[in-house]
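**Student:** Contents of target.csv (CSV, C-alpha atoms and all ligand atoms) are below:
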```csv
chain,number,residue,atom,x,y,z
A,1,MET,CA,0.5,17.8,11.9
A,2,ALA,CA,3.0,17.1,9.1
A,3,VAL,CA,2.1,18.3,5.6
A,4,ILE,CA,3.9,16.5,2.8
A,5,PRO,CA,3.5,17.9,-0.8
A,6,VAL,CA,3.3,15.5,-3.7
A,7,GLU,CA,4.7,17.6,-6.5
A,8,LEU,CA,3.2,16.6,-9.9
A,9,ALA,CA,2.9,19.0,-12.8
A,10,GLY,CA,-0.7,20.4,-12.7
A,11,ARG,CA,-1.8,17.8,-10.2
A,12,SER,CA,0.1,18.6,-7.0
A,13,TYR,CA,-1.6,17.8,-3.7
A,14,GLU,CA,-0.9,17.5,0.0
A,15,VAL,CA,-0.7,14.5,2.3
A,16,ARG,CA,-1.5,15.6,5.9
A,17,VAL,CA,-0.5,13.3,8.7
A,18,GLY,CA,-1.8,14.0,12.1
A,19,ASP,CA,-4.3,13.4,14.9
A,20,ASP,CA,-8.0,14.0,14.7
A,21,LEU,CA,-8.2,14.8,11.0
A,22,LEU,CA,-11.4,12.8,10.8
A,23,ALA,CA,-12.9,14.9,13.6
A,24,THR,CA,-12.1,18.1,11.6
A,25,LEU,CA,-12.9,16.7,8.2
A,26,PRO,CA,-15.0,19.7,6.9
A,27,ALA,CA,-12.2,22.2,7.7
A,28,GLN,CA,-9.5,19.8,6.3
A,29,CYS,CA,-11.4,19.4,3.0
A,30,GLY,CA,-12.4,23.1,2.7
A,31,ALA,CA,-13.6,24.2,-0.7
A,32,LEU,CA,-13.1,20.6,-2.1
A,33,LEU,CA,-16.6,19.9,-0.7
A,34,ARG,CA,-18.7,22.2,-2.9
A,35,LYS,CA,-22.1,20.7,-2.4
A,36,THR,CA,-24.2,19.9,0.7
A,37,GLN,CA,-24.2,16.2,-0.1
A,38,VAL,CA,-20.9,14.4,0.4
A,39,PRO,CA,-20.4,11.0,-1.2
A,40,ILE,CA,-18.4,8.7,1.1
A,41,VAL,CA,-17.2,5.2,0.3
A,42,THR,CA,-16.1,2.9,3.1
A,43,ASP,CA,-16.3,-0.7,4.3
A,44,ASP,CA,-18.4,-2.1,7.1
A,45,ASN,CA,-15.5,-2.4,9.6
A,46,VAL,CA,-14.4,1.1,9.1
A,47,HIS,CA,-17.9,2.4,9.2
A,48,ALA,CA,-18.5,0.6,12.5
A,49,ALA,CA,-15.3,2.2,14.0
A,50,TRP,CA,-15.3,5.6,12.4
A,51,GLY,CA,-18.7,6.2,10.7
A,52,GLU,CA,-20.2,8.1,13.5
A,53,THR,CA,-17.2,10.4,13.9
A,54,VAL,CA,-17.2,11.2,10.2
A,55,GLY,CA,-21.0,11.6,10.0
A,56,ARG,CA,-21.2,13.8,13.0
A,57,THR,CA,-18.5,16.2,12.0
A,58,LEU,CA,-20.0,16.6,8.5
A,59,SER,CA,-23.5,17.1,9.8
A,60,GLU,CA,-22.4,19.6,12.3
A,61,ALA,CA,-20.9,21.7,9.6
A,62,GLY,CA,-24.1,21.6,7.5
A,63,PHE,CA,-23.2,18.8,5.1
A,64,GLU,CA,-25.2,15.7,4.4
A,65,PRO,CA,-23.1,12.6,4.4
A,66,ARG,CA,-24.1,10.0,1.8
A,67,TRP,CA,-22.7,6.5,2.4
A,68,HIS,CA,-21.8,3.7,0.1
A,69,ILE,CA,-20.7,0.9,2.4
A,70,VAL,CA,-19.2,-2.3,1.0
A,71,ASP,CA,-18.3,-5.6,2.7
A,72,ALA,CA,-14.8,-5.5,4.0
A,73,GLY,CA,-12.3,-7.5,2.0
A,74,GLU,CA,-10.4,-7.8,-1.3
A,75,GLN,CA,-13.5,-9.0,-3.2
A,76,ALA,CA,-14.8,-5.4,-3.2
A,77,LYS,CA,-12.1,-4.6,-5.7
A,78,SER,CA,-14.0,-6.4,-8.5
A,79,TRP,CA,-15.9,-5.6,-11.7
A,80,ARG,CA,-19.1,-6.1,-9.7
A,81,GLY,CA,-18.0,-3.8,-6.9
A,82,LEU,CA,-16.9,-1.2,-9.4
A,83,GLU,CA,-20.2,-1.4,-11.3
A,84,ALA,CA,-22.2,-1.0,-8.1
A,85,LEU,CA,-20.1,2.0,-7.0
A,86,VAL,CA,-20.2,3.8,-10.3
A,87,ASP,CA,-24.0,3.3,-10.6
A,88,TRP,CA,-24.4,4.7,-7.1
A,89,LEU,CA,-22.2,7.7,-7.8
A,90,LEU,CA,-24.2,8.5,-10.9
A,91,ALA,CA,-27.5,8.1,-9.1
A,92,GLU,CA,-26.1,10.5,-6.5
A,93,GLY,CA,-25.5,13.0,-9.2
A,94,VAL,CA,-21.8,13.2,-8.8
A,95,GLU,CA,-20.2,15.6,-11.3
A,96,ARG,CA,-16.7,16.2,-12.5
A,97,GLY,CA,-15.8,19.0,-10.1
A,98,ASP,CA,-17.1,17.0,-7.1
A,99,HIS,CA,-14.9,15.0,-4.7
A,100,ILE,CA,-15.7,11.6,-3.3
A,101,LEU,CA,-14.3,10.6,0.1
A,102,ALA,CA,-12.5,7.2,0.2
A,103,VAL,CA,-12.5,6.3,3.9
A,104,GLY,CA,-10.7,3.0,4.5
A,105,GLY,CA,-7.8,0.8,3.7
A,106,GLY,CA,-6.1,0.2,0.3
A,107,VAL,CA,-9.2,-1.7,-0.9
A,108,ILE,CA,-11.4,1.3,-0.5
A,109,GLY,CA,-8.8,3.7,-1.9
A,110,ASP,CA,-8.1,1.6,-5.0
A,111,LEU,CA,-11.8,0.9,-5.7
A,112,THR,CA,-12.9,4.5,-5.1
A,113,GLY,CA,-10.0,6.0,-7.0
A,114,PHE,CA,-10.7,3.8,-10.1
A,115,ALA,CA,-14.4,4.7,-10.0
A,116,ALA,CA,-13.5,8.4,-9.7
A,117,SER,CA,-11.2,8.1,-12.7
A,118,ILE,CA,-14.1,6.9,-14.9
A,119,VAL,CA,-17.3,8.6,-13.5
A,120,LYS,CA,-18.1,11.4,-16.0
A,121,ARG,CA,-14.7,10.8,-17.5
A,122,GLY,CA,-13.0,11.6,-14.2
A,123,CYS,CA,-14.1,13.3,-11.0
A,124,GLY,CA,-12.2,14.2,-7.9
A,125,PHE,CA,-11.5,12.1,-4.8
A,126,ILE,CA,-10.0,12.5,-1.4
A,127,GLN,CA,-8.1,9.7,0.2
A,128,VAL,CA,-8.7,9.2,3.9
A,129,PRO,CA,-6.6,6.1,4.6
A,130,THR,CA,-7.4,4.2,7.8
A,131,THR,CA,-4.8,1.4,7.7
A,132,LEU,CA,-1.1,1.8,8.1
A,133,LEU,CA,-0.5,0.3,4.7
A,134,ALA,CA,-2.9,2.7,3.1
A,135,GLN,CA,-1.4,5.7,4.9
A,136,VAL,CA,2.2,5.0,3.9
A,137,ASP,CA,1.6,3.4,0.5
A,138,SER,CA,-1.6,3.0,-1.4
A,139,SER,CA,-3.2,6.4,-0.7
A,140,VAL,CA,-0.2,8.3,-2.2
A,141,GLY,CA,0.8,8.1,-5.8
A,142,GLY,CA,-2.4,7.7,-7.8
A,143,LYS,CA,-2.4,4.1,-8.7
A,144,THR,CA,-6.0,2.7,-8.6
A,145,ALA,CA,-7.2,-0.7,-9.6
A,146,ILE,CA,-9.5,-3.6,-9.3
A,147,ASN,CA,-8.8,-7.3,-9.5
A,148,THR,CA,-9.9,-9.4,-12.5
A,149,ARG,CA,-10.0,-13.2,-13.2
A,150,ALA,CA,-6.5,-12.9,-14.6
A,151,GLY,CA,-5.0,-11.5,-11.4
A,152,LYS,CA,-4.7,-8.7,-8.9
A,153,ASN,CA,-4.8,-5.0,-9.9
A,154,LEU,CA,-4.9,-5.8,-13.6
A,155,ALA,CA,-7.5,-3.2,-14.5
A,156,GLY,CA,-7.0,0.3,-13.3
A,157,ALA,CA,-5.9,3.8,-14.0
A,158,PHE,CA,-3.5,6.5,-12.7
A,159,HIS,CA,-5.7,9.0,-11.0
A,160,GLN,CA,-4.3,11.3,-8.4
A,161,PRO,CA,-6.3,12.2,-5.3
A,162,ALA,CA,-6.9,15.9,-4.6
A,163,LEU,CA,-5.9,15.5,-0.9
A,164,VAL,CA,-4.8,12.7,1.4
A,165,LEU,CA,-5.7,12.8,5.1
A,166,ALA,CA,-3.8,10.3,7.2
A,167,ASP,CA,-5.4,10.4,10.6
A,168,LEU,CA,-3.2,8.4,13.1
A,169,ALA,CA,-6.2,8.1,15.5
A,170,THR,CA,-7.7,5.6,13.1
A,171,LEU,CA,-4.8,3.2,13.7
A,172,ALA,CA,-6.0,2.6,17.2
A,173,THR,CA,-8.9,0.4,16.0
A,174,LEU,CA,-6.9,-1.4,13.4
A,175,PRO,CA,-6.3,-5.1,14.2
A,176,ASP,CA,-2.7,-5.7,15.4
A,177,ARG,CA,-1.9,-8.1,12.6
A,178,GLU,CA,-2.9,-5.4,10.0
A,179,LEU,CA,-0.8,-2.8,11.8
A,180,ARG,CA,2.2,-5.1,11.6
A,181,ALA,CA,1.6,-5.9,8.0
A,182,GLY,CA,1.5,-2.2,7.1
A,183,TYR,CA,4.7,-1.7,9.0
A,184,ALA,CA,6.5,-3.9,6.5
A,185,GLU,CA,6.0,-1.2,3.9
A,186,VAL,CA,7.4,1.4,6.4
A,187,LEU,CA,10.5,-0.7,6.8
A,188,LYS,CA,10.7,-1.1,3.0
A,189,TYR,CA,11.4,2.7,2.6
A,190,GLY,CA,14.4,2.4,4.8
A,191,VAL,CA,15.7,-0.7,3.2
A,192,LEU,CA,15.3,0.6,-0.3
A,193,GLY,CA,16.6,4.1,0.0
A,194,ASP,CA,17.4,5.4,3.4
A,195,ALA,CA,19.8,3.6,5.8
A,196,ALA,CA,19.3,6.2,8.5
A,197,PHE,CA,15.5,5.6,8.4
A,198,PHE,CA,16.2,1.8,8.5
A,199,ASP,CA,18.2,2.4,11.7
A,200,TRP,CA,15.4,4.5,13.1
A,201,CYS,CA,13.0,1.6,12.4
A,202,ALA,CA,15.3,-0.9,14.0
A,203,ASP,CA,15.2,1.2,17.2
A,204,ASN,CA,11.6,2.4,17.1
A,205,GLY,CA,9.6,-0.3,15.3
A,206,ALA,CA,8.3,-1.7,18.5
A,207,ARG,CA,6.9,1.7,19.5
A,208,VAL,CA,5.1,2.1,16.2
A,209,ILE,CA,3.5,-1.3,16.5
A,210,GLY,CA,2.9,-0.7,20.2
A,211,GLY,CA,0.6,2.2,19.3
A,212,GLU,CA,2.8,5.1,20.4
A,213,ARG,CA,1.4,8.1,18.6
A,214,ALA,CA,4.7,10.1,18.3
A,215,ALA,CA,6.5,7.1,16.8
A,216,GLN,CA,3.6,6.4,14.4
A,217,HIS,CA,3.7,10.1,13.3
A,218,GLU,CA,7.3,9.9,12.5
A,219,ALA,CA,7.0,6.5,10.7
A,220,VAL,CA,4.1,7.6,8.6
A,221,ALA,CA,5.5,11.1,7.7
A,222,ARG,CA,8.9,9.8,6.7
A,223,SER,CA,7.4,7.0,4.7
A,224,VAL,CA,5.0,9.4,2.9
A,225,ALA,CA,7.9,11.8,2.2
A,226,ALA,CA,9.9,8.9,0.7
A,227,LYS,CA,7.0,7.8,-1.5
A,228,ALA,CA,6.2,11.4,-2.5
A,229,ARG,CA,9.7,11.9,-3.7
A,230,ILE,CA,9.7,8.7,-5.8
A,231,VAL,CA,6.3,9.4,-7.3
A,232,ALA,CA,7.2,13.0,-8.2
A,233,GLU,CA,10.3,11.6,-10.0
A,234,ASP,CA,8.4,8.8,-11.8
A,235,GLU,CA,4.6,9.3,-11.7
A,236,ARG,CA,3.8,6.5,-14.2
A,237,GLU,CA,6.5,4.0,-13.5
A,238,THR,CA,8.4,4.7,-16.7
A,239,THR,CA,11.9,5.8,-15.6
A,240,GLY,CA,12.6,3.0,-13.1
A,241,ALA,CA,12.6,5.1,-9.9
A,242,ARG,CA,9.1,4.0,-8.9
A,243,ALA,CA,10.0,0.3,-9.6
A,244,LEU,CA,12.2,0.4,-6.5
A,245,LEU,CA,8.9,0.5,-4.5
A,246,ASN,CA,8.5,-3.2,-5.6
A,247,LEU,CA,11.4,-4.2,-3.3
A,248,GLY,CA,10.3,-7.5,-1.7
A,249,HIS,CA,7.3,-7.7,-3.9
A,250,THR,CA,8.5,-10.2,-6.5
A,251,PHE,CA,9.5,-12.7,-3.9
A,252,GLY,CA,6.5,-11.7,-1.9
A,253,HIS,CA,4.1,-12.2,-4.8
A,254,ALA,CA,5.4,-15.7,-5.3
A,255,LEU,CA,4.6,-16.5,-1.7
A,256,GLU,CA,1.1,-14.9,-1.9
A,257,ALA,CA,0.4,-16.9,-5.1
A,258,GLU,CA,1.6,-20.1,-3.5
A,259,THR,CA,-0.6,-19.6,-0.4
A,260,GLY,CA,-3.6,-18.6,-2.6
A,261,PHE,CA,-3.7,-14.8,-1.7
A,262,CYS,CA,-5.5,-15.6,1.5
A,263,ASP,CA,-5.3,-15.0,5.3
A,264,THR,CA,-2.3,-17.4,5.6
A,265,LEU,CA,-0.1,-14.6,4.5
A,266,LEU,CA,-1.2,-10.9,4.4
A,267,HIS,CA,0.3,-8.8,1.6
A,268,GLY,CA,2.6,-6.9,4.1
A,269,GLU,CA,3.7,-10.2,5.7
A,270,ALA,CA,4.6,-11.5,2.2
A,271,VAL,CA,6.5,-8.2,1.5
A,272,ALA,CA,8.4,-8.5,4.8
A,273,LEU,CA,9.5,-12.0,3.9
A,274,GLY,CA,10.2,-11.0,0.3
A,275,MET,CA,12.5,-8.2,1.5
A,276,VAL,CA,14.4,-10.6,3.6
A,277,LEU,CA,14.7,-12.9,0.6
A,278,ALA,CA,15.8,-10.0,-1.7
A,279,ALA,CA,18.5,-9.1,0.8
A,280,ARG,CA,19.7,-12.6,1.2
A,281,TYR,CA,19.7,-13.2,-2.5
A,282,SER,CA,21.7,-10.0,-2.9
A,283,ALA,CA,24.2,-11.2,-0.4
A,284,ARG,CA,24.4,-14.5,-2.2
A,285,ARG,CA,25.3,-12.6,-5.4
A,286,GLY,CA,28.0,-10.7,-3.4
A,287,LEU,CA,26.2,-7.4,-3.7
A,288,MET,CA,25.8,-6.8,0.0
A,289,SER,CA,27.2,-8.4,3.2
A,290,LEU,CA,25.4,-11.3,4.7
A,291,SER,CA,25.5,-9.5,8.0
A,292,ASP,CA,23.5,-6.6,6.5
A,293,ALA,CA,21.0,-9.0,5.0
A,294,GLU,CA,20.6,-10.5,8.4
A,295,ARG,CA,20.0,-7.1,9.9
A,296,VAL,CA,17.0,-6.8,7.5
A,297,ALA,CA,15.8,-10.2,8.7
A,298,GLY,CA,16.3,-9.0,12.3
A,299,ALA,CA,14.3,-5.9,11.9
A,300,VAL,CA,11.5,-7.9,10.2
A,301,ASP,CA,11.5,-10.5,13.0
A,302,LEU,CA,11.5,-7.8,15.7
A,303,ALA,CA,8.3,-6.4,14.2
A,304,GLY,CA,6.7,-9.8,14.6
A,305,LEU,CA,6.7,-10.3,10.9
A,306,PRO,CA,7.7,-13.6,9.2
A,307,SER,CA,11.4,-13.7,8.2
A,308,GLU,CA,11.8,-17.4,7.3
A,309,ILE,CA,10.0,-19.2,4.5
A,310,ALA,CA,10.9,-22.5,6.0
A,311,ALA,CA,8.6,-21.6,9.0
A,312,LEU,CA,5.6,-21.3,6.6
A,313,GLY,CA,5.6,-25.0,6.1
A,314,LEU,CA,5.0,-24.7,2.3
A,315,ASP,CA,4.9,-27.9,0.4
A,316,CYS,CA,6.5,-26.7,-2.8
A,317,SER,CA,9.8,-26.3,-4.5
A,318,GLY,CA,11.9,-23.3,-5.3
A,319,GLN,CA,11.1,-24.0,-8.9
A,320,ALA,CA,7.4,-23.7,-8.2
A,321,LEU,CA,7.9,-20.4,-6.4
A,322,ALA,CA,10.0,-19.1,-9.3
A,323,ALA,CA,7.2,-20.1,-11.7
A,324,HIS,CA,4.8,-17.9,-9.8
A,325,MET,CA,7.2,-14.9,-10.3
A,326,LEU,CA,7.1,-15.4,-14.1
A,327,HIS,CA,3.4,-14.8,-14.0
A,328,ASP,CA,4.0,-11.5,-12.3
A,329,LYS,CA,2.6,-8.6,-14.3
A,330,LYS,CA,5.9,-6.7,-14.0
A,331,MET,CA,7.4,-9.1,-16.4
A,332,ASP,CA,9.1,-6.9,-19.0
A,333,ALA,CA,9.7,-8.3,-22.5
A,334,GLY,CA,10.5,-11.8,-21.2
A,335,ASN,CA,13.0,-10.5,-18.6
A,336,LEU,CA,11.9,-10.5,-15.0
A,337,PRO,CA,13.2,-7.3,-13.3
A,338,PHE,CA,14.2,-7.8,-9.6
A,339,ILE,CA,14.9,-5.1,-7.0
A,340,LEU,CA,18.1,-6.1,-5.4
A,341,LEU,CA,20.3,-4.4,-2.8
A,342,ARG,CA,23.9,-3.1,-2.9
A,343,GLY,CA,23.5,-2.5,0.8
A,344,ILE,CA,20.8,-1.3,3.2
A,345,GLY,CA,19.4,1.9,1.6
A,346,ALA,CA,20.8,1.1,-1.8
A,347,ALA,CA,18.2,-0.8,-3.9
A,348,TYR,CA,18.5,-1.0,-7.7
A,349,LEU,CA,16.7,-2.6,-10.6
A,350,ALA,CA,18.5,-5.7,-11.8
A,351,ARG,CA,17.6,-7.1,-15.2
A,352,ASP,CA,20.1,-9.9,-15.3
A,353,VAL,CA,18.6,-12.3,-12.7
A,354,ASP,CA,18.9,-16.0,-13.7
A,355,MET,CA,15.6,-17.7,-12.7
A,356,ALA,CA,17.4,-21.1,-12.3
A,357,ASP,CA,19.7,-19.5,-9.7
A,358,VAL,CA,16.7,-17.9,-7.9
A,359,ALA,CA,15.0,-21.3,-7.8
A,360,GLU,CA,18.1,-22.9,-6.3
A,361,PHE,CA,18.3,-20.1,-3.7
A,362,LEU,CA,14.7,-20.6,-2.8
A,363,ASP,CA,15.2,-24.3,-2.4
A,364,GLU,CA,17.9,-23.6,0.1
A,365,GLN,CA,15.7,-21.1,2.0
A,366,LEU,CA,12.8,-23.6,2.0
A,367,ARG,CA,15.1,-26.1,3.7
A,368,ALA,CA,16.8,-23.7,6.0
A,369,HIS,CA,16.8,-24.1,9.9
A,401,LIG,N1,-2.7,1.7,-5.1
A,401,LIG,C1,-1.5,1.4,-4.6
A,401,LIG,O1,-0.5,2.0,-4.9
A,401,LIG,C2,-1.5,0.2,-3.7
A,401,LIG,C3,-0.3,0.0,-3.0
A,401,LIG,C4,-0.3,-1.1,-2.1
A,401,LIG,C5,-1.5,-1.8,-1.9
A,401,LIG,N2,-2.6,-1.6,-2.6
A,401,LIG,C6,-3.8,-2.4,-2.4
A,401,LIG,O2,-4.2,-2.1,-1.1
A,401,LIG,C7,-5.0,-3.2,-0.7
A,401,LIG,C8,-4.6,-3.6,0.7
A,401,LIG,O3,-4.9,-2.5,1.6
A,401,LIG,P1,-5.1,-2.7,3.2
A,401,LIG,O4,-4.0,-3.6,3.7
A,401,LIG,O5,-5.3,-1.4,3.7
A,401,LIG,O6,-6.4,-3.7,3.2
A,401,LIG,P2,-7.9,-3.4,3.5
A,401,LIG,O7,-8.4,-2.2,2.9
A,401,LIG,O8,-8.6,-4.7,3.1
A,401,LIG,O9,-8.0,-3.2,5.1
A,401,LIG,C9,-7.6,-4.3,5.9
A,401,LIG,C10,-8.6,-4.6,6.9
A,401,LIG,O10,-8.7,-3.6,8.0
A,401,LIG,C11,-10.0,-3.1,8.1
A,401,LIG,N3,-9.8,-1.7,8.5
A,401,LIG,C12,-9.4,-0.7,7.8
A,401,LIG,N4,-9.2,0.4,8.6
A,401,LIG,C13,-9.5,0.1,9.8
A,401,LIG,C14,-9.6,0.8,11.0
A,401,LIG,N5,-9.1,2.0,11.2
A,401,LIG,N6,-10.0,0.1,12.1
A,401,LIG,C15,-10.5,-1.2,12.0
A,401,LIG,N7,-10.4,-1.9,10.9
A,401,LIG,C16,-10.0,-1.3,9.8
A,401,LIG,C17,-10.7,-3.3,6.8
A,401,LIG,O11,-12.0,-3.4,7.0
A,401,LIG,C18,-10.1,-4.7,6.4
A,401,LIG,O12,-10.7,-5.7,7.0
A,401,LIG,C19,-4.8,-4.3,-1.7
A,401,LIG,O13,-5.9,-4.4,-2.5
A,401,LIG,C20,-3.6,-3.8,-2.5
A,401,LIG,O14,-3.7,-4.3,-3.9
A,401,LIG,C21,-2.6,-0.5,-3.5
A,402,ZN,ZN,3.0,-3.6,-1.2
```
Go ahead and render the structure in this file as structure tokens.

**Tutor:**
Amino acid sequence: MAVIPVELAGRSYEVRVGDDLLATLPAQCGALLRKTQVPIVTDDNVHAAWGETVGRTLSEAGFEPRWHIVDAGEQAKSWRGLEALVDWLLAEGVERGDHILAVGGGVIGDLTGFAASIVKRGCGFIQVPTTLLAQVDSSVGGKTAINTRAGKNLAGAFHQPALVLADLATLATLPDRELRAGYAEVLKYGVLGDAAFFDWCADNGARVIGGERAAQHEAVARSVAAKARIVAEDERETTGARALLNLGHTFGHALEAETGFCDTLLHGEAVALGMVLAARYSARRGLMSLSDAERVAGAVDLAGLPSEIAALGLDCSGQALAAHMLHDKKMDAGNLPFILLRGIGAAYLARDVDMADVAEFLDEQLRAH
């Protein structure tokens, strides 16, 4: 098992990455579970795959698992979903010193974390991420949110978990496409800040996606360490360090918006393509070599993730995609910050990007091949 500390003044916690953490849940949580009744939030898919394991291990240790099971999918992250969860937690008698278990992907983690931030003005929670994306990204760092009519993740809070348990065993039941999509965020850590990790991914990505436990262990532990470092440096996204995590996300967001945030393009798939576009755009600006940009595209392609927007068959212009970016919430006083690359492992925040130039670049990409 790897233990990665997230060092935050007064709120430090551990991320444990290993096998069979679910099967040993009571021992892992220790004194964080201070009452017999343990509130657990999950979705129906995760409950079908892992509910029995979680329920049994808790019951055998003398606890009484109490479940709140939502329908799988992004719609759980809504005002209605939040209301139902908060009402349930209050009915369960949850108090400030208690810890709620969030067992699931990023949807469950974001929803539960936000509920925990407001129940009794803030109670504890434990992240038990069961998707690759949640293990390497959403469960670490304390961002919680729901979606509103105006857009994704627009209402939320910073609320750090007390513990994160990333059990690699759970990845075995994850649909292949979800595993690949999560892998895009793994690759992202290499591309943004660690050329050696990028090389490792280029060599071992197939093993991670193929389900090899040792490769998954290394991928998750190194990714979490990268995220923990950045979060410790910039917990609330004020100094710019945390913004680097948005590599590929501005381009990706435009593609998600154009395809209507649906199954056509999963978030991780959009991020993978967005990273390729950020690299190629950086090369176009002379910041990095085109051959390095194509190495990023190669690693994305090798993982079975989309690397060419032309292949999506979108019926839109570069201008239309650029317009979606301007609606991005990361817009800062009228200037759209972009994460660009000065090479693999050398991302930086650029504030001088000309949107007309981006639109022209996207037109070329839409027509390419
Ligand atoms: N808070 C953050 O910092 C942060 C960062 C990135 C993404 N997010 C959010 O995370 C969400 C996406 O997370 P996600 O990709 O994990 O999606 P998700 O939670 O919807 O999970 C994806 C699918 O996999 C299923 N699933 C989960 N674990 C499984 C398992 N072990 N076996 C079988 N099926 C399983 C789920 O039921 C769901 O159908 C988005 O809402 C996004 O906004 C948050
Ligand atoms: Zn992301």

**Student:** Find, counting all atoms listed in the file, the residue in A:Gly240, A:Leu133, A:Thr170, A:Ala202 that gets nearest to Glu269 (chain A).

**Tutor:** A:Leu133

**Student:** Could you check which of A:Ala145, A:Val208, A:Val191, A:Val186 is closest to ligand ZN 402 (chain A), using all atoms listed in the file?

**Tutor:** A:Val186

**Student:** Any residue with an atom at most 7 Å from ligand LIG 401 (chain A) counts, using all atoms listed in the file. Which are they? Put them as a VMD selection string.

**Tutor:** chain A and resid 43 to 46 49 72 to 74 77 104 to 108 110 130 to 134 137 to 145 152 to 153 170 to 175 178 182

**Student:** Select, from A:Leu287, A:Ala184, A:Ala350, A:Ala303, the residue with the minimum atom-to-atom distance to ligand ZN 402 (chain A), counting only C-alpha atoms and all ligand atoms.

**Tutor:**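 That would be A:Ala184, the residue with the smallest distance to ligand ZN 402 (chain A).
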
**Student:** Which one of A:Arg207, A:Leu349, A:Leu290, A:Gln365 sits closest to Leu302 (chain A) if you count all atoms listed in the file?

**Tutor:**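 Under the stated criterion, the closest residue is A:Arg207.
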
**Student:** Hey, could you make a per-residue contact list for chain A against ligand ZN 402 (chain A) with 12 Å as the cut-off, showing the nearest pair of atoms and its distance in Å to one decimal, counting all atoms listed in the file, sorted by chain and number, as CSV?

**Tutor:**
```
residue,atom,partner,partner_atom,distance
A:Gly106,CA,A:ZN402,ZN,10.0
A:Leu132,CA,A:ZN402,ZN,11.5
A:Leu133,CA,A:ZN402,ZN,7.9
A:Ala134,CA,A:ZN402,ZN,9.6
A:Gln135,CA,A:ZN402,ZN,12.0
A:Val136,CA,A:ZN402,ZN,10.0
A:Asp137,CA,A:ZN402,ZN,7.3
A:Ser138,CA,A:ZN402,ZN,8.0
A:Ser139,CA,A:ZN402,ZN,11.8
A:Asn153,CA,A:ZN402,ZN,11.8
A:Ala181,CA,A:ZN402,ZN,9.6
A:Gly182,CA,A:ZN402,ZN,8.5
A:Tyr183,CA,A:ZN402,ZN,10.5
A:Ala184,CA,A:ZN402,ZN,8.5
A:Glu185,CA,A:ZN402,ZN,6.4
A:Val186,CA,A:ZN402,ZN,10.1
A:Leu187,CA,A:ZN402,ZN,11.3
A:Lys188,CA,A:ZN402,ZN,9.1
A:Tyr189,CA,A:ZN402,ZN,11.2
A:Ala243,CA,A:ZN402,ZN,11.6
A:Leu244,CA,A:ZN402,ZN,11.3
A:Leu245,CA,A:ZN402,ZN,7.9
A:Asn246,CA,A:ZN402,ZN,7.1
A:Leu247,CA,A:ZN402,ZN,8.7
A:Gly248,CA,A:ZN402,ZN,8.3
A:His249,CA,A:ZN402,ZN,6.5
A:Thr250,CA,A:ZN402,ZN,10.1
A:Phe251,CA,A:ZN402,ZN,11.5
A:Gly252,CA,A:ZN402,ZN,8.9
A:His253,CA,A:ZN402,ZN,9.4
A:Glu256,CA,A:ZN402,ZN,11.5
A:Leu266,CA,A:ZN402,ZN,10.1
A:His267,CA,A:ZN402,ZN,6.5
A:Gly268,CA,A:ZN402,ZN,6.3
A:Glu269,CA,A:ZN402,ZN,9.6
A:Ala270,CA,A:ZN402,ZN,8.7
A:Val271,CA,A:ZN402,ZN,6.4
A:Ala272,CA,A:ZN402,ZN,9.4
A:Leu273,CA,A:ZN402,ZN,11.8
A:Gly274,CA,A:ZN402,ZN,10.4
A:Met275,CA,A:ZN402,ZN,10.9
```

**Student:** Can I get the selection written as a compact mmCIF listing (two decimals), in the frame of the given file, with C-alpha atoms?

**Tutor:**
```txt
# COMPACT_ATOMS: atom_id res chain seq x y z
CA GLY A 106 -6.10 0.20 0.30
CA LEU A 132 -1.10 1.80 8.10
CA LEU A 133 -0.50 0.30 4.70
CA ALA A 134 -2.90 2.70 3.10
CA GLN A 135 -1.40 5.70 4.90
CA VAL A 136 2.20 5.00 3.90
CA ASP A 137 1.60 3.40 0.50
CA SER A 138 -1.60 3.00 -1.40
CA SER A 139 -3.20 6.40 -0.70
CA ASN A 153 -4.80 -5.00 -9.90
CA ALA A 181 1.60 -5.90 8.00
CA GLY A 182 1.50 -2.20 7.10
CA TYR A 183 4.70 -1.70 9.00
CA ALA A 184 6.50 -3.90 6.50
CA GLU A 185 6.00 -1.20 3.90
CA VAL A 186 7.40 1.40 6.40
CA LEU A 187 10.50 -0.70 6.80
CA LYS A 188 10.70 -1.10 3.00
CA TYR A 189 11.40 2.70 2.60
CA ALA A 243 10.00 0.30 -9.60
CA LEU A 244 12.20 0.40 -6.50
CA LEU A 245 8.90 0.50 -4.50
CA ASN A 246 8.50 -3.20 -5.60
CA LEU A 247 11.40 -4.20 -3.30
CA GLY A 248 10.30 -7.50 -1.70
CA HIS A 249 7.30 -7.70 -3.90
CA THR A 250 8.50 -10.20 -6.50
CA PHE A 251 9.50 -12.70 -3.90
CA GLY A 252 6.50 -11.70 -1.90
CA HIS A 253 4.10 -12.20 -4.80
CA GLU A 256 1.10 -14.90 -1.90
CA LEU A 266 -1.20 -10.90 4.40
CA HIS A 267 0.30 -8.80 1.60
CA GLY A 268 2.60 -6.90 4.10
CA GLU A 269 3.70 -10.20 5.70
CA ALA A 270 4.60 -11.50 2.20
CA VAL A 271 6.50 -8.20 1.50
CA ALA A 272 8.40 -8.50 4.80
CA LEU A 273 9.50 -12.00 3.90
CA GLY A 274 10.20 -11.00 0.30
CA MET A 275 12.50 -8.20 1.50
```

**Student:** With all atoms listed in the file as the counted atoms, please give the residues lying no more than 10 Å from Leu314 (chain A), apart from itself and same-chain residues fewer than 3 positions off, as a ChimeraX atom specification.

**Tutor:** /A:255,258-259,309-311,317,366
